[in-house]
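J.: My structure is in model_27.txt, and what it holds is compact mmCIF, C-alpha atoms:
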# COMPACT_ATOMS: atom_id res chain seq x y z
CA MET B 1 58.47 41.83 -74.86
CA ASN B 2 57.32 40.91 -78.38
CA HIS B 3 55.19 37.90 -79.26
CA THR B 4 58.16 35.71 -80.27
CA GLU B 5 60.07 36.48 -77.04
CA SER B 6 56.94 35.85 -74.98
CA ARG B 7 56.37 32.50 -76.70
CA GLU B 8 60.00 31.45 -76.22
CA LYS B 9 59.87 32.39 -72.54
CA PHE B 10 56.67 30.37 -72.12
CA GLN B 11 58.17 27.34 -73.90
CA LYS B 12 61.26 27.48 -71.68
CA ARG B 13 59.15 27.64 -68.51
CA GLN B 14 56.92 24.87 -69.78
CA LYS B 15 59.92 22.62 -70.46
CA GLU B 16 61.22 23.26 -66.94
CA LYS B 17 57.83 22.45 -65.42
CA VAL B 18 57.47 19.24 -67.43
CA GLU B 19 60.93 18.15 -66.24
CA GLN B 20 59.90 18.88 -62.65
CA ILE B 21 56.73 16.80 -63.08
CA GLU B 22 58.72 13.93 -64.62
CA GLU B 23 60.92 13.86 -61.51
CA ILE B 24 57.84 13.74 -59.27
CA LEU B 25 56.40 10.86 -61.29
CA ARG B 26 59.64 8.89 -61.00
CA GLU B 27 59.75 9.54 -57.27
CA TYR B 28 56.28 8.06 -56.74
CA LEU B 29 56.58 5.02 -59.00
CA PRO B 30 56.80 1.70 -57.11
CA GLU B 31 60.13 -0.07 -56.82
CA LYS B 32 60.48 -2.86 -59.37
CA SER B 33 60.85 -6.03 -57.31
CA GLY B 34 59.14 -9.30 -56.39
CA TYR B 35 57.43 -12.00 -58.45
CA GLN B 36 55.03 -9.33 -59.80
CA GLN B 37 57.88 -7.13 -61.08
CA VAL B 38 56.54 -7.18 -64.63
CA ILE B 39 53.55 -5.09 -63.60
CA MET B 40 55.81 -2.42 -62.09
CA GLU B 41 57.73 -2.39 -65.37
CA ALA B 42 54.51 -2.03 -67.39
CA MET B 43 53.34 0.77 -65.08
CA GLU B 44 56.61 2.63 -65.56
CA TYR B 45 56.59 2.08 -69.32
CA SER B 46 53.08 3.53 -69.50
CA LEU B 47 53.56 6.45 -67.11
CA LEU B 48 56.90 7.63 -68.49
CA ALA B 49 55.86 7.47 -72.15
CA GLY B 50 55.95 11.25 -72.38
CA GLY B 51 53.08 13.62 -73.07
CA LYS B 52 52.09 17.15 -72.16
CA ARG B 53 51.66 16.43 -68.43
CA LEU B 54 48.69 18.77 -68.65
CA ARG B 55 46.76 17.56 -65.61
CA PRO B 56 49.56 17.63 -63.01
CA MET B 57 50.72 20.96 -64.44
CA LEU B 58 47.25 22.50 -64.10
CA LEU B 59 47.02 21.08 -60.58
CA MET B 60 50.34 22.65 -59.62
CA GLU B 61 49.52 26.00 -61.22
CA SER B 62 46.08 26.17 -59.57
CA TYR B 63 47.68 25.35 -56.22
CA ARG B 64 50.16 28.19 -56.61
CA LEU B 65 47.51 30.56 -57.93
CA CYS B 66 45.57 30.00 -54.70
CA GLY B 67 48.60 30.59 -52.48
CA GLY B 68 49.75 27.00 -51.91
CA LYS B 69 53.39 26.60 -50.91
CA GLY B 70 53.75 23.05 -49.51
CA LYS B 71 54.64 19.65 -50.96
CA GLU B 72 51.33 17.87 -50.33
CA VAL B 73 50.40 18.78 -53.89
CA GLU B 74 53.04 16.43 -55.34
CA PRO B 75 51.45 13.03 -54.56
CA PHE B 76 48.20 14.32 -56.04
CA MET B 77 50.02 15.45 -59.18
CA ALA B 78 51.47 11.96 -59.56
CA ALA B 79 48.15 10.29 -58.75
CA LEU B 80 46.22 12.30 -61.32
CA GLU B 81 48.71 11.47 -64.06
CA MET B 82 48.52 7.79 -63.09
CA ILE B 83 44.75 7.87 -63.48
CA HIS B 84 45.00 9.64 -66.83
CA THR B 85 47.63 7.12 -67.98
CA TYR B 86 45.57 4.10 -66.94
CA SER B 87 42.66 5.46 -68.99
CA LEU B 88 44.92 5.68 -72.05
CA VAL B 89 46.27 2.16 -71.52
CA HIS B 90 42.72 0.81 -71.42
CA ASP B 91 41.58 3.02 -74.33
CA ASP B 92 44.26 1.44 -76.51
CA LEU B 93 43.16 -2.15 -75.79
CA PRO B 94 41.74 -4.31 -78.60
CA ALA B 95 38.29 -4.23 -76.97
CA MET B 96 38.31 -0.41 -77.06
CA ASP B 97 40.14 1.62 -79.74
CA ASN B 98 42.63 -1.16 -80.62
CA ASP B 99 45.55 1.24 -81.14
CA ALA B 100 49.12 -0.03 -81.49
CA TRP B 101 50.87 3.35 -81.20
CA ARG B 102 50.71 6.27 -78.76
CA ARG B 103 53.14 9.15 -78.27
CA GLY B 104 55.34 7.73 -80.98
CA ARG B 105 55.88 4.29 -79.48
CA GLN B 106 54.07 0.98 -79.11
CA THR B 107 51.17 0.87 -76.69
CA THR B 108 51.37 -1.05 -73.43
CA HIS B 109 49.28 -4.03 -74.51
CA VAL B 110 51.41 -4.47 -77.64
CA VAL B 111 54.63 -4.57 -75.59
CA TYR B 112 53.43 -6.56 -72.57
CA GLY B 113 50.42 -8.45 -73.93
CA GLU B 114 46.72 -7.76 -73.59
CA ASP B 115 46.50 -9.41 -70.16
CA MET B 116 49.27 -7.24 -68.70
CA GLY B 117 47.83 -4.20 -70.47
CA ILE B 118 44.60 -4.68 -68.56
CA LEU B 119 46.43 -5.32 -65.30
CA ALA B 120 48.79 -2.35 -65.81
CA GLY B 121 45.78 -0.05 -66.11
CA ASP B 122 44.21 -1.59 -63.02
CA ALA B 123 47.48 -1.24 -61.13
CA LEU B 124 47.92 2.43 -62.05
CA LEU B 125 44.38 3.25 -60.92
CA ASN B 126 44.81 1.53 -57.55
CA TYR B 127 48.32 2.86 -57.01
CA ALA B 128 47.10 6.38 -57.80
CA PHE B 129 44.95 6.39 -54.66
CA GLU B 130 47.71 4.78 -52.61
CA THR B 131 49.97 7.60 -53.79
CA ALA B 132 47.45 10.37 -53.07
CA CYS B 133 46.80 8.96 -49.59
CA SER B 134 50.50 9.31 -48.78
CA ALA B 135 49.84 13.06 -48.46
CA PHE B 136 48.22 12.38 -45.08
CA SER B 137 51.62 11.46 -43.58
CA MET B 138 53.45 14.55 -44.88
CA GLU B 139 54.64 17.17 -42.42
CA GLY B 140 52.01 19.88 -41.81
CA ALA B 141 49.36 17.96 -43.77
CA ASP B 142 45.79 19.25 -43.46
CA ALA B 143 43.67 16.09 -43.25
CA GLY B 144 40.46 17.93 -44.12
CA ARG B 145 41.86 19.39 -47.33
CA ILE B 146 43.45 16.08 -48.34
CA GLY B 147 40.19 14.24 -47.70
CA LYS B 148 38.26 16.73 -49.85
CA ALA B 149 40.87 16.45 -52.61
CA LEU B 150 40.54 12.65 -52.54
CA GLU B 151 36.76 12.97 -52.80
CA ILE B 152 37.11 15.14 -55.92
CA LEU B 153 39.67 12.78 -57.43
CA ALA B 154 37.44 9.75 -56.94
CA CYS B 155 34.30 11.45 -58.24
CA LYS B 156 35.84 13.05 -61.32
CA ALA B 157 37.56 9.78 -62.30
CA GLY B 158 34.50 7.61 -61.76
CA ILE B 159 31.01 6.94 -63.08
CA TYR B 160 29.99 10.60 -62.74
CA GLY B 161 33.17 11.70 -64.48
CA MET B 162 35.74 10.16 -66.82
CA ILE B 163 34.45 6.56 -66.74
CA GLY B 164 30.85 7.73 -67.18
CA GLY B 165 31.84 9.65 -70.29
CA GLN B 166 33.78 6.70 -71.63
CA VAL B 167 30.79 4.38 -71.12
CA VAL B 168 28.51 6.61 -73.20
CA ASP B 169 31.26 7.05 -75.80
CA VAL B 170 31.71 3.28 -76.21
CA GLN B 171 27.95 2.67 -76.34
CA SER B 172 27.57 5.36 -78.99
CA SER B 173 30.25 4.01 -81.35
CA GLY B 174 28.83 3.36 -84.81
CA THR B 175 25.66 5.37 -84.13
CA LYS B 176 24.67 8.95 -84.81
CA VAL B 177 25.03 10.97 -81.59
CA SER B 178 23.14 14.17 -80.82
CA GLY B 179 25.06 17.34 -80.08
CA GLU B 180 23.79 17.30 -76.50
CA LYS B 181 25.05 13.76 -75.90
CA LEU B 182 28.37 14.51 -77.60
CA GLN B 183 29.01 17.45 -75.28
CA PHE B 184 28.03 15.25 -72.31
CA ILE B 185 30.64 12.69 -73.39
CA TYR B 186 33.33 15.33 -73.83
CA ARG B 187 32.65 17.12 -70.56
CA LEU B 188 32.93 13.85 -68.64
CA LYS B 189 35.45 11.80 -70.59
CA THR B 190 37.95 14.63 -71.12
CA GLY B 191 36.80 17.55 -69.01
CA ALA B 192 36.34 15.78 -65.66
CA LEU B 193 40.04 15.12 -64.98
CA ILE B 194 40.96 18.66 -66.04
CA GLU B 195 38.33 19.94 -63.61
CA ALA B 196 39.78 17.65 -60.95
CA ALA B 197 43.25 19.09 -61.52
CA MET B 198 42.25 22.72 -61.03
CA MET B 199 39.84 21.99 -58.19
CA ILE B 200 42.29 19.82 -56.22
CA GLY B 201 45.02 22.44 -56.52
CA ALA B 202 42.66 25.04 -55.11
CA VAL B 203 41.36 22.76 -52.34
CA LEU B 204 44.85 21.80 -51.16
CA ALA B 205 45.78 25.49 -51.03
CA GLY B 206 42.75 26.25 -48.85
CA ALA B 207 40.82 28.33 -51.41
CA ALA B 208 37.25 29.45 -50.77
CA LYS B 209 34.34 27.53 -52.35
CA GLU B 210 33.58 30.39 -54.75
CA ARG B 211 37.13 30.35 -56.12
CA ILE B 212 37.06 26.56 -56.49
CA SER B 213 33.80 26.85 -58.46
CA VAL B 214 35.32 29.44 -60.80
CA LEU B 215 38.31 27.19 -61.47
CA GLU B 216 35.99 24.23 -62.10
CA SER B 217 34.09 26.31 -64.67
CA ILE B 218 37.32 27.40 -66.38
CA ALA B 219 38.55 23.80 -66.47
CA GLY B 220 35.23 22.59 -67.93
CA ASP B 221 35.54 24.99 -70.86
CA VAL B 222 39.20 24.09 -71.34
CA GLY B 223 38.36 20.38 -71.33
CA LEU B 224 35.62 20.77 -73.92
CA ALA B 225 37.80 22.94 -76.17
CA PHE B 226 40.70 20.51 -75.71
CA GLN B 227 38.60 17.57 -76.94
CA ILE B 228 37.16 19.52 -79.89
CA GLN B 229 40.72 20.44 -80.86
CA ASP B 230 41.57 16.72 -80.62
CA ASP B 231 38.76 16.06 -83.13
CA ILE B 232 40.21 18.71 -85.42
CA LEU B 233 43.72 17.26 -85.18
CA ASP B 234 42.41 13.77 -85.97
CA VAL B 235 41.31 15.19 -89.32
CA THR B 236 44.04 17.76 -90.04
CA GLY B 237 47.10 16.36 -88.22
CA THR B 238 49.71 13.85 -89.31
CA GLU B 239 50.78 10.62 -87.64
CA GLU B 240 54.36 11.95 -87.40
CA THR B 241 53.26 15.10 -85.55
CA LEU B 242 50.71 13.47 -83.26
CA GLY B 243 52.66 10.30 -82.49
CA LYS B 244 49.52 8.19 -82.96
CA PRO B 245 47.26 7.12 -85.84
CA VAL B 246 45.08 9.81 -87.45
CA HIS B 247 41.51 9.37 -88.71
CA SER B 248 40.94 6.90 -85.85
CA ASP B 249 37.53 8.46 -85.12
CA GLU B 250 36.43 7.74 -88.68
CA LYS B 251 37.83 4.21 -88.43
CA ASN B 252 35.83 3.60 -85.25
CA GLU B 253 32.70 5.25 -86.73
CA LYS B 254 32.54 7.88 -84.01
CA THR B 255 30.51 11.06 -84.09
CA THR B 256 32.82 14.00 -83.36
CA TYR B 257 32.42 17.74 -83.20
CA VAL B 258 33.86 17.92 -86.72
CA THR B 259 31.38 15.40 -88.17
CA TRP B 260 28.55 17.09 -86.24
CA LYS B 261 29.18 20.74 -87.10
CA GLY B 262 32.02 20.75 -89.62
CA LEU B 263 35.65 21.82 -89.38
CA LYS B 264 35.03 25.59 -89.55
CA ALA B 265 32.39 25.56 -86.80
CA ALA B 266 34.58 23.30 -84.64
CA ARG B 267 37.44 25.79 -84.88
CA GLU B 268 35.10 28.66 -84.03
CA GLU B 269 33.81 26.78 -80.96
CA VAL B 270 37.38 26.20 -79.74
CA GLU B 271 38.04 29.94 -80.05
CA LEU B 272 34.86 30.89 -78.16
CA LEU B 273 35.54 28.45 -75.34
CA SER B 274 39.16 29.55 -75.00
CA GLN B 275 38.19 33.22 -74.85
CA LYS B 276 35.57 32.45 -72.18
CA ALA B 277 38.05 30.45 -70.07
CA VAL B 278 40.77 33.12 -70.26
CA LYS B 279 38.33 35.92 -69.48
CA GLU B 280 37.13 34.03 -66.40
CA LEU B 281 40.71 33.35 -65.29
CA GLN B 282 41.48 37.07 -65.53
CA THR B 283 38.84 37.77 -62.85
CA LEU B 284 41.01 35.95 -60.28
CA GLU B 285 43.76 37.58 -58.27
CA PRO B 286 46.69 37.46 -58.45
CA GLN B 287 47.02 37.40 -62.22
CA ASP B 288 48.95 34.40 -63.58
CA ASP B 289 50.38 35.06 -67.04
CA TYR B 290 51.87 31.57 -67.32
CA LEU B 291 48.59 29.81 -66.53
CA GLU B 292 46.78 32.03 -69.02
CA MET B 293 49.31 31.22 -71.75
CA LEU B 294 49.16 27.53 -70.82
CA LEU B 295 45.38 27.43 -71.33
CA ILE B 296 45.68 29.16 -74.70
CA TRP B 297 48.49 26.82 -75.81
CA LEU B 298 46.64 23.69 -74.74
CA ILE B 299 43.49 24.62 -76.57
CA HIS B 300 45.26 25.66 -79.76
CA ARG B 301 47.96 22.97 -79.72
CA GLU B 302 49.04 21.19 -82.90
CA LYS B 303 49.60 17.79 -81.29
Please rewrite the model in this file as structure tokens.

T.:
Amino acid sequence: MNHTESREKFQKRQKEKVEQIEEILREYLPEKSGYQQVIMEAMEYSLLAGGKRLRPMLLMESYRLCGGKGKEVEPFMAALEMIHTYSLVHDDLPAMDNDAWRRGRQTTHVVYGEDMGILAGDALLNYAFETACSAFSMEGADAGRIGKALEILACKAGIYGMIGGQVVDVQSSGTKVSGEKLQFIYRLKTGALIEAAMMIGAVLAGAAKERISVLESIAGDVGLAFQIQDDILDVTGTEETLGKPVHSDEKNEKTTYVTWKGLKAAREEVELLSQKAVKELQTLEPQDDYLEMLLIWLIHREK
């Protein structure tokens, strides 16, 4: 199979997997009813706005890589995407990045108002854990594995993970940030949920601690490379391609990998991190060509 055929096969499989994830997300959304119906509508608007579905896809692929065959992975896939989505809804708020567009359409707070934007994010975060907890009642559920997966989800999304990184990022806006602090921000703000995805998949499948640690390491490198690539795209991409404003980092006076080391060095760092992640993945059995191609695509994406 030549490179073009391989790429087309990957894109076809990726499209199928995204469609599968979209169905899972719809299945776990709350029914729109009651006096508070507007919040269910805002949650749905936010969650079904499109996107790469990277985190639930990595969770699913890690689960399968480690021999998982059940359905208890699905509520965690939905929960993780809800948490990621709530973070984007809050990122877009006037008090944060003040963005009016994401994924080619108006952001939640623009459509529903700032008050409902805040509440929609809150609702998605809370409903994420309600959704993940539903795995306990599934046939053949392993309570120990589900409990461990919930622990990882809570930690990686919280003050020692995504929120912790966001706090330092917000505090650092408009100031010169050291390379060490910048990597700390990236590994928490972006990397933590990617680590959660690959770790939870492995945990739910019953993988050994050593294998879970390897997947966490791979995910950490992928997360860092993913965010550096985001910095690159903010400088080199177009609003039409990305579906959101470009040069937003400059507008918000943020230190990025590009402003710290320059565009050439940023691209070189993405390449080094991607090679390290793929090499580490190749040490695991069985080999997973799709997961390997997914990591490479994510890191080198153009939007």

J.: Report as a tab-separated table the residues of stretch 78-157 of chain B within 9 Å of stretch 202-222 of chain B, each with its shortest atom pair and distance in Å (one decimal), using all atoms listed in the file, ordered by chain and increasing residue number.

T.:
residue	atom	partner	partner_atom	distance
B:Asp142	CA	B:Leu204	CA	8.2
B:Arg145	CA	B:Leu204	CA	5.4
B:Ile146	CA	B:Leu204	CA	6.5
B:Lys148	CA	B:Val203	CA	7.2
B:Ala149	CA	B:Val203	CA	6.3

J.: Using all atoms listed in the file, pick whichever of B:Val167, B:Ile24, B:Glu151, B:Ile228 has the shortest atom-to-atom distance to B:Lys264.

T.: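 Ranking B:Val167, B:Ile24, B:Glu151, B:Ile228 by distance to B:Lys264, first place goes to B:Ile228.
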
J.: In Å, rounded to a single decimal, give me how far atom CA of B:Gly50 is from atom CA of B:Ala132.

T.: 21.1 Å

J.: Within 10 Å of stretch 29-43 of chain B, counting only C-alpha atoms, which residues qualify if same-chain residues fewer than 4 places away don't, as an MDAnalysis selection string?

T.: chainID B and resid 24:25 47:48 78:79 82 85:86 89 108:109 111:112 116:117 119:124 127:128 131

J.: At a cut-off of 9 Å, using all atoms listed in the file, what residues contact B:Met96? Leave out same-chain residues fewer than 5 positions from it and give the result as a ChimeraX atom specification.

T.: /B:90-91,170

J.: Record the distance separating atom CA of B:Ile83 and atom CA of B:Arg187, expressed in Å with one decimal.

T.: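 Between atom CA of B:Ile83 and atom CA of B:Arg187 the gap works out to 16.8 Å.
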
J.: Which residue gives the smallest distance to B:Tyr63 among B:Leu273, B:Ala192, B:Met77, B:Val177, with only C-alpha atoms counted?

T.: B:Met77

J.: Neighbours of B:Leu294 within 12 Å (only C-alpha atoms; same-chain residues fewer than 5 positions away dropped), as an mmCIF file with C-alpha atoms, in the coordinates of the input?

T.:
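As written to disk, result_12.cif reads:
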data_model
loop_
_atom_site.group_PDB
_atom_site.id
_atom_site.type_symbol
_atom_site.label_atom_id
_atom_site.label_comp_id
_atom_site.auth_asym_id
_atom_site.auth_seq_id
_atom_site.Cartn_x
_atom_site.Cartn_y
_atom_site.Cartn_z
ATOM 1 C CA ARG B 7 56.370 32.500 -76.700
ATOM 2 C CA LYS B 9 59.870 32.390 -72.540
ATOM 3 C CA PHE B 10 56.670 30.370 -72.120
ATOM 4 C CA GLN B 11 58.170 27.340 -73.900
ATOM 5 C CA ARG B 13 59.150 27.640 -68.510
ATOM 6 C CA GLN B 14 56.920 24.870 -69.780
ATOM 7 C CA LYS B 15 59.920 22.620 -70.460
ATOM 8 C CA LYS B 17 57.830 22.450 -65.420
ATOM 9 C CA LYS B 52 52.090 17.150 -72.160
ATOM 10 C CA ARG B 53 51.660 16.430 -68.430
ATOM 11 C CA LEU B 54 48.690 18.770 -68.650
ATOM 12 C CA ARG B 55 46.760 17.560 -65.610
ATOM 13 C CA MET B 57 50.720 20.960 -64.440
ATOM 14 C CA LEU B 58 47.250 22.500 -64.100
ATOM 15 C CA GLU B 61 49.520 26.000 -61.220
ATOM 16 C CA SER B 62 46.080 26.170 -59.570
ATOM 17 C CA VAL B 222 39.200 24.090 -71.340
ATOM 18 C CA SER B 274 39.160 29.550 -75.000
ATOM 19 C CA ALA B 277 38.050 30.450 -70.070
ATOM 20 C CA VAL B 278 40.770 33.120 -70.260
ATOM 21 C CA LEU B 281 40.710 33.350 -65.290
ATOM 22 C CA ASP B 288 48.950 34.400 -63.580
ATOM 23 C CA ASP B 289 50.380 35.060 -67.040
ATOM 24 C CA ILE B 299 43.490 24.620 -76.570
ATOM 25 C CA HIS B 300 45.260 25.660 -79.760
ATOM 26 C CA ARG B 301 47.960 22.970 -79.720
#

J.: Counting all atoms listed in the file, note down every residue that has an atom within 10 Å of the point (33.3, 23.8, -84.0) (file coordinates), as a list in words.

T.: Ala225, Ile228, Gln229, Asp231, Ile232, Thr256, Tyr257, Val258, Thr259, Trp260, Lys261, Gly262, Leu263, Lys264, Ala265, Ala266, Arg267, Glu268, Glu269, Val270, Glu271 and Leu272 of chain B

J.: With C-alpha atoms kept, could you save the residues just selected as a compact mmCIF listing (two decimals), in the coordinates of the input?

T.:
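In the end it all went to selection.txt:
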# COMPACT_ATOMS: atom_id res chain seq x y z
CA ALA B 225 37.80 22.94 -76.17
CA ILE B 228 37.16 19.52 -79.89
CA GLN B 229 40.72 20.44 -80.86
CA ASP B 231 38.76 16.06 -83.13
CA ILE B 232 40.21 18.71 -85.42
CA THR B 256 32.82 14.00 -83.36
CA TYR B 257 32.42 17.74 -83.20
CA VAL B 258 33.86 17.92 -86.72
CA THR B 259 31.38 15.40 -88.17
CA TRP B 260 28.55 17.09 -86.24
CA LYS B 261 29.18 20.74 -87.10
CA GLY B 262 32.02 20.75 -89.62
CA LEU B 263 35.65 21.82 -89.38
CA LYS B 264 35.03 25.59 -89.55
CA ALA B 265 32.39 25.56 -86.80
CA ALA B 266 34.58 23.30 -84.64
CA ARG B 267 37.44 25.79 -84.88
CA GLU B 268 35.10 28.66 -84.03
CA GLU B 269 33.81 26.78 -80.96
CA VAL B 270 37.38 26.20 -79.74
CA GLU B 271 38.04 29.94 -80.05
CA LEU B 272 34.86 30.89 -78.16

J.: Using only C-alpha atoms, find the one residue out of B:Glu23, B:Glu180, B:Glu139, B:Asp97 that sits nearest to B:Gln166.

T.: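 So, comparing all the options, the nearest one is B:Asp97.
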
J.: By how many Å are atom CA of B:Ile159 and atom CA of B:Gln171 apart?

T.: 14.3 Å

J.: B:Ala100: which residues within 10 Å, counting only C-alpha atoms, same-chain residues fewer than 5 positions away excluded, as an MDAnalysis selection string?

T.: chainID B and resid 92:94 105:111 244:245

J.: Deliver the residues from the most recent selection as a file, using C-alpha atoms, as a PDB file, in the coordinates of the input.

T.:
ATOM      1  CA  ASP B  92      44.260   1.440 -76.510  1.00  0.00           C
ATOM      2  CA  LEU B  93      43.160  -2.150 -75.790  1.00  0.00           C
ATOM      3  CA  PRO B  94      41.740  -4.310 -78.600  1.00  0.00           C
ATOM      4  CA  ARG B 105      55.880   4.290 -79.480  1.00  0.00           C
ATOM      5  CA  GLN B 106      54.070   0.980 -79.110  1.00  0.00           C
ATOM      6  CA  THR B 107      51.170   0.870 -76.690  1.00  0.00           C
ATOM      7  CA  THR B 108      51.370  -1.050 -73.430  1.00  0.00           C
ATOM      8  CA  HIS B 109      49.280  -4.030 -74.510  1.00  0.00           C
ATOM      9  CA  VAL B 110      51.410  -4.470 -77.640  1.00  0.00           C
ATOM     10  CA  VAL B 111      54.630  -4.570 -75.590  1.00  0.00           C
ATOM     11  CA  LYS B 244      49.520   8.190 -82.960  1.00  0.00           C
ATOM     12  CA  PRO B 245      47.260   7.120 -85.840  1.00  0.00           C
TER      13      PRO B 245
END

J.: Tell me which of B:Arg102, B:Lys71, B:Arg64, B:Lys189 sits closest to B:Ala141, counting all atoms listed in the file.

T.: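 Distance minimum relative to B:Ala141 lands on B:Lys71.
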
J.: Rank B:Glu44, B:Glu8, B:Gly67, B:Ser178 by their smallest atom-to-atom distance to B:Glu285, using only C-alpha atoms, and report the top residue only.

T.: B:Gly67

J.: Between B:Gln275, B:Ala135, B:Cys66, B:Gln227, which is the closest to B:Ile296 once you count all atoms listed in the file?

T.: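 Closest to B:Ile296, using all atoms listed in the file: B:Gln275.
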